[in-house]
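Structure below is entry.cif: mmCIF, C-alpha atoms and all ligand atoms.
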```
data_protein
loop_
_atom_site.label_atom_id
_atom_site.label_comp_id
_atom_site.auth_asym_id
_atom_site.auth_seq_id
_atom_site.Cartn_x
_atom_site.Cartn_y
_atom_site.Cartn_z
CA MET A 1 32.39 -1.80 18.89
CA ALA A 2 32.44 -4.04 15.81
CA GLU A 3 29.59 -6.44 15.26
CA PRO A 4 30.59 -10.05 15.92
CA LEU A 5 31.27 -11.96 12.72
CA THR A 6 28.41 -14.20 11.69
CA LEU A 7 27.73 -16.63 8.91
CA THR A 8 25.00 -15.15 6.76
CA GLU A 9 24.54 -17.93 4.24
CA ILE A 10 25.65 -21.45 3.45
CA GLU A 11 25.18 -22.89 -0.02
CA ARG A 12 25.67 -26.63 -0.04
CA GLY A 13 27.11 -28.28 -3.10
CA GLU A 14 27.89 -31.97 -3.46
CA GLU A 15 31.49 -31.89 -2.19
CA SER A 16 31.98 -28.36 -0.98
CA CYS A 17 29.96 -25.46 0.29
CA ILE A 18 30.07 -21.71 -0.06
CA LEU A 19 30.18 -19.82 3.22
CA ARG A 20 29.23 -16.17 3.26
CA PHE A 21 30.10 -14.02 6.24
CA SER A 22 28.63 -10.82 7.59
CA ASP A 23 31.73 -8.81 6.64
CA GLY A 24 31.02 -9.56 2.97
CA GLU A 25 33.70 -12.23 2.49
CA SER A 26 32.80 -15.54 0.83
CA PHE A 27 34.76 -18.77 0.65
CA ARG A 28 34.39 -22.14 -0.99
CA VAL A 29 35.31 -24.85 1.49
CA GLU A 30 35.48 -28.60 0.95
CA TYR A 31 33.43 -30.69 3.37
CA LEU A 32 36.61 -32.68 3.91
CA ALA A 33 38.30 -29.59 5.35
CA ILE A 34 35.42 -29.03 7.77
CA ARG A 35 35.44 -32.66 8.85
CA THR A 36 39.18 -32.73 9.47
CA ARG A 37 38.80 -29.70 11.78
CA CYS A 38 35.74 -31.02 13.63
CA GLN A 39 35.75 -29.85 17.23
CA CYS A 40 33.56 -32.59 18.71
CA ALA A 41 34.72 -34.69 21.65
CA LYS A 42 35.52 -37.61 19.36
CA CYS A 43 37.43 -35.77 16.63
CA LYS A 44 39.22 -33.00 18.50
CA PRO A 45 41.66 -35.23 20.41
CA ARG A 46 42.68 -36.71 17.07
CA GLN A 47 44.06 -33.36 15.94
CA GLU A 48 46.26 -32.76 18.95
CA ASN A 49 49.56 -33.76 17.39
CA GLU A 50 50.96 -34.18 13.92
CA GLN A 51 50.94 -37.99 13.89
CA ARG A 52 47.35 -38.30 15.07
CA ARG A 53 46.30 -35.57 12.63
CA ILE A 54 47.80 -37.45 9.68
CA GLU A 55 45.97 -40.63 10.66
CA PHE A 56 42.73 -38.76 11.21
CA ASN A 57 42.99 -36.94 7.86
CA GLU A 58 43.58 -40.24 6.08
CA GLU A 59 40.59 -41.82 7.78
CA VAL A 60 38.30 -38.89 6.96
CA SER A 61 39.51 -38.76 3.37
CA ARG A 62 38.39 -42.37 2.90
CA LEU A 63 34.84 -41.53 3.96
CA VAL A 64 32.24 -40.80 1.38
CA LEU A 65 31.34 -37.27 2.39
CA GLU A 66 27.78 -36.68 1.40
CA LYS A 67 26.05 -33.37 1.60
CA PRO A 68 25.35 -32.70 5.29
CA MET A 69 22.23 -31.26 6.82
CA VAL A 70 22.89 -27.98 8.57
CA GLU A 71 21.24 -26.67 11.71
CA LEU A 72 21.75 -23.31 13.29
CA VAL A 73 22.96 -23.32 16.90
CA GLY A 74 21.90 -20.13 18.64
CA HIS A 75 23.57 -17.05 17.23
CA TYR A 76 27.08 -18.39 17.15
CA GLY A 77 27.38 -21.55 15.13
CA ILE A 78 25.99 -24.46 13.15
CA THR A 79 26.01 -28.20 13.42
CA MET A 80 26.53 -30.31 10.35
CA ILE A 81 24.79 -33.65 10.33
CA TRP A 82 26.83 -36.04 8.21
CA PRO A 83 25.32 -39.20 6.77
CA SER A 84 28.70 -40.85 7.52
CA GLY A 85 28.57 -40.09 11.25
CA CYS A 86 29.92 -37.47 13.62
CA SER A 87 27.11 -35.01 14.06
CA SER A 88 27.66 -33.63 17.51
CA GLY A 89 30.28 -31.00 16.73
CA ILE A 90 29.31 -27.37 16.87
CA HIS A 91 31.13 -25.28 14.30
CA SER A 92 31.19 -21.74 15.61
CA PHE A 93 31.19 -18.96 13.05
CA SER A 94 34.69 -17.89 14.05
CA HIS A 95 35.92 -21.48 13.72
CA LEU A 96 34.35 -21.73 10.24
CA ARG A 97 36.06 -18.50 9.29
CA ASN A 98 39.42 -19.87 10.42
CA ILE A 99 38.88 -23.01 8.33
CA SER A 100 37.84 -20.83 5.38
CA GLU A 101 40.98 -18.75 5.60
CA ASP A 102 43.30 -21.72 6.17
CA LEU A 103 41.84 -24.28 3.77
CA GLY A 104 39.15 -22.59 1.70
CA THR A 105 39.21 -20.58 -1.49
CA LYS A 106 38.19 -16.96 -1.34
CA ILE A 107 35.56 -16.17 -3.96
ZN ZN B 1 33.55 -34.88 15.07
#
```
For this file, write the structure as structure tokens.
Amino acid sequence: MAEPLTLTEIERGEESCILRFSDGESFRVEYLAIRTRCQCAKCKPRQENEQRRIEFNEEVSRLVLEKPMVELVGHYGITMIWPSGCSSGIHSFSHLRNISEDLGTKI
């Protein structure tokens, strides 16, 4: 059986971060992309249809996204603690990989 995919390293820049995964793939992902896909109870409902998603993306893009603090959650995810709010979402490794593939840049 294949090992479950994990995040092996996160390098935080000012506006984006580099995510490295256990299968050897690395991606540069904007913090904005991670915020617009936040799965917390407050943000997730705002992505449920196209209209709400557009409004949510506009709102997030107006925020000043400062470098977040990152904490590991068990063996499956991280939380990102944003100075601009919204710190309760857990970003599972598989979710981060989906964001990386959809919105990130492979490096
Ligand atoms: Zn959120």
Contacts of chain A with ligand ZN 1 (chain B) up to 12 Å, shortest pair per row, only C-alpha atoms and all ligand atoms, as JSON lines:
```
{"residue": "A:Leu32", "atom": "CA", "partner": "B:ZN1", "partner_atom": "ZN", "distance": 11.8}
{"residue": "A:Ile34", "atom": "CA", "partner": "B:ZN1", "partner_atom": "ZN", "distance": 9.5}
{"residue": "A:Arg35", "atom": "CA", "partner": "B:ZN1", "partner_atom": "ZN", "distance": 6.9}
{"residue": "A:Thr36", "atom": "CA", "partner": "B:ZN1", "partner_atom": "ZN", "distance": 8.2}
{"residue": "A:Arg37", "atom": "CA", "partner": "B:ZN1", "partner_atom": "ZN", "distance": 8.1}
{"residue": "A:Cys38", "atom": "CA", "partner": "B:ZN1", "partner_atom": "ZN", "distance": 4.7}
{"residue": "A:Gln39", "atom": "CA", "partner": "B:ZN1", "partner_atom": "ZN", "distance": 5.9}
{"residue": "A:Cys40", "atom": "CA", "partner": "B:ZN1", "partner_atom": "ZN", "distance": 4.3}
{"residue": "A:Ala41", "atom": "CA", "partner": "B:ZN1", "partner_atom": "ZN", "distance": 6.7}
{"residue": "A:Lys42", "atom": "CA", "partner": "B:ZN1", "partner_atom": "ZN", "distance": 5.5}
{"residue": "A:Cys43", "atom": "CA", "partner": "B:ZN1", "partner_atom": "ZN", "distance": 4.3}
{"residue": "A:Lys44", "atom": "CA", "partner": "B:ZN1", "partner_atom": "ZN", "distance": 6.9}
{"residue": "A:Pro45", "atom": "CA", "partner": "B:ZN1", "partner_atom": "ZN", "distance": 9.7}
{"residue": "A:Arg46", "atom": "CA", "partner": "B:ZN1", "partner_atom": "ZN", "distance": 9.5}
{"residue": "A:Gln47", "atom": "CA", "partner": "B:ZN1", "partner_atom": "ZN", "distance": 10.7}
{"residue": "A:Phe56", "atom": "CA", "partner": "B:ZN1", "partner_atom": "ZN", "distance": 10.7}
{"residue": "A:Val60", "atom": "CA", "partner": "B:ZN1", "partner_atom": "ZN", "distance": 10.2}
{"residue": "A:Thr79", "atom": "CA", "partner": "B:ZN1", "partner_atom": "ZN", "distance": 10.2}
{"residue": "A:Met80", "atom": "CA", "partner": "B:ZN1", "partner_atom": "ZN", "distance": 9.6}
{"residue": "A:Ile81", "atom": "CA", "partner": "B:ZN1", "partner_atom": "ZN", "distance": 10.0}
{"residue": "A:Trp82", "atom": "CA", "partner": "B:ZN1", "partner_atom": "ZN", "distance": 9.7}
{"residue": "A:Ser84", "atom": "CA", "partner": "B:ZN1", "partner_atom": "ZN", "distance": 10.8}
{"residue": "A:Gly85", "atom": "CA", "partner": "B:ZN1", "partner_atom": "ZN", "distance": 8.2}
{"residue": "A:Cys86", "atom": "CA", "partner": "B:ZN1", "partner_atom": "ZN", "distance": 4.7}
{"residue": "A:Ser87", "atom": "CA", "partner": "B:ZN1", "partner_atom": "ZN", "distance": 6.5}
{"residue": "A:Ser88", "atom": "CA", "partner": "B:ZN1", "partner_atom": "ZN", "distance": 6.5}
{"residue": "A:Gly89", "atom": "CA", "partner": "B:ZN1", "partner_atom": "ZN", "distance": 5.3}
{"residue": "A:Ile90", "atom": "CA", "partner": "B:ZN1", "partner_atom": "ZN", "distance": 8.8}
{"residue": "A:His91", "atom": "CA", "partner": "B:ZN1", "partner_atom": "ZN", "distance": 9.9}
```
So the first atom is atom CA of A:Arg62 and the second is atom CA of A:Arg20; what is the distance between them in Å, to one decimal place? 27.8 Å
For the point (37.3, -17.7, 11.6) in the file's frame, write as number ranges by chain all residues with an atom no more than 12 Å away, counting all atoms listed in the file. A: 4-7, 19-23, 25-27, 76-77, 91-104
Please dump the current selection as a JSON list (two decimals), in the frame of the given file; keep C-alpha atoms.
```json
[["chain", "number", "residue", "atom", "x", "y", "z"],
["A", 4, "PRO", "CA", 30.59, -10.05, 15.92],
["A", 5, "LEU", "CA", 31.27, -11.96, 12.72],
["A", 6, "THR", "CA", 28.41, -14.20, 11.69],
["A", 7, "LEU", "CA", 27.73, -16.63, 8.91],
["A", 19, "LEU", "CA", 30.18, -19.82, 3.22],
["A", 20, "ARG", "CA", 29.23, -16.17, 3.26],
["A", 21, "PHE", "CA", 30.10, -14.02, 6.24],
["A", 22, "SER", "CA", 28.63, -10.82, 7.59],
["A", 23, "ASP", "CA", 31.73, -8.81, 6.64],
["A", 25, "GLU", "CA", 33.70, -12.23, 2.49],
["A", 26, "SER", "CA", 32.80, -15.54, 0.83],
["A", 27, "PHE", "CA", 34.76, -18.77, 0.65],
["A", 76, "TYR", "CA", 27.08, -18.39, 17.15],
["A", 77, "GLY", "CA", 27.38, -21.55, 15.13],
["A", 91, "HIS", "CA", 31.13, -25.28, 14.30],
["A", 92, "SER", "CA", 31.19, -21.74, 15.61],
["A", 93, "PHE", "CA", 31.19, -18.96, 13.05],
["A", 94, "SER", "CA", 34.69, -17.89, 14.05],
["A", 95, "HIS", "CA", 35.92, -21.48, 13.72],
["A", 96, "LEU", "CA", 34.35, -21.73, 10.24],
["A", 97, "ARG", "CA", 36.06, -18.50, 9.29],
["A", 98, "ASN", "CA", 39.42, -19.87, 10.42],
["A", 99, "ILE", "CA", 38.88, -23.01, 8.33],
["A", 100, "SER", "CA", 37.84, -20.83, 5.38],
["A", 101, "GLU", "CA", 40.98, -18.75, 5.60],
["A", 102, "ASP", "CA", 43.30, -21.72, 6.17],
["A", 103, "LEU", "CA", 41.84, -24.28, 3.77],
["A", 104, "GLY", "CA", 39.15, -22.59, 1.70]]
```
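With distances restricted to only C-alpha atoms, A:Ala33 is the closest residue to A:Asn57 from A:Val70, A:Ile107, A:Ala33, A:Cys17.
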Among listed residues A:Lys106, A:Arg53, A:Arg28, A:Arg12, nearest A:Pro68 (using all atoms listed in the file):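 Ranking A:Lys106, A:Arg53, A:Arg28, A:Arg12 by distance to A:Pro68, first place goes to A:Arg12.
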Gap from atom CA of A:Glu11 to atom CA of A:Glu58 - Å, one decimal: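 Atom CA of A:Glu58 lies 26.0 Å from atom CA of A:Glu11.
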May I have the residues within 8 Å of A:Pro83 as a PyMOL selection string, using all atoms listed in the file and disregarding those fewer than 3 positions away in the same chain? chain A and resi 65-68
Produce the centre coordinates and the three edge lengths, each in Å to one decimal, of the box along x, y and z that contains all listed atoms of stretch 23-35 of chain A with 6 Å added on each side, as JSON.
```
{"center_x": 34.7, "center_y": -20.7, "center_z": 3.9, "size_x": 19.3, "size_y": 35.9, "size_z": 21.8}
```
What is the distance between atom CA of A:Glu50 and atom CA of A:Ile78, in Å to one decimal?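 Calculated distance between atom CA of A:Glu50 and atom CA of A:Ile78 is 26.8 Å.
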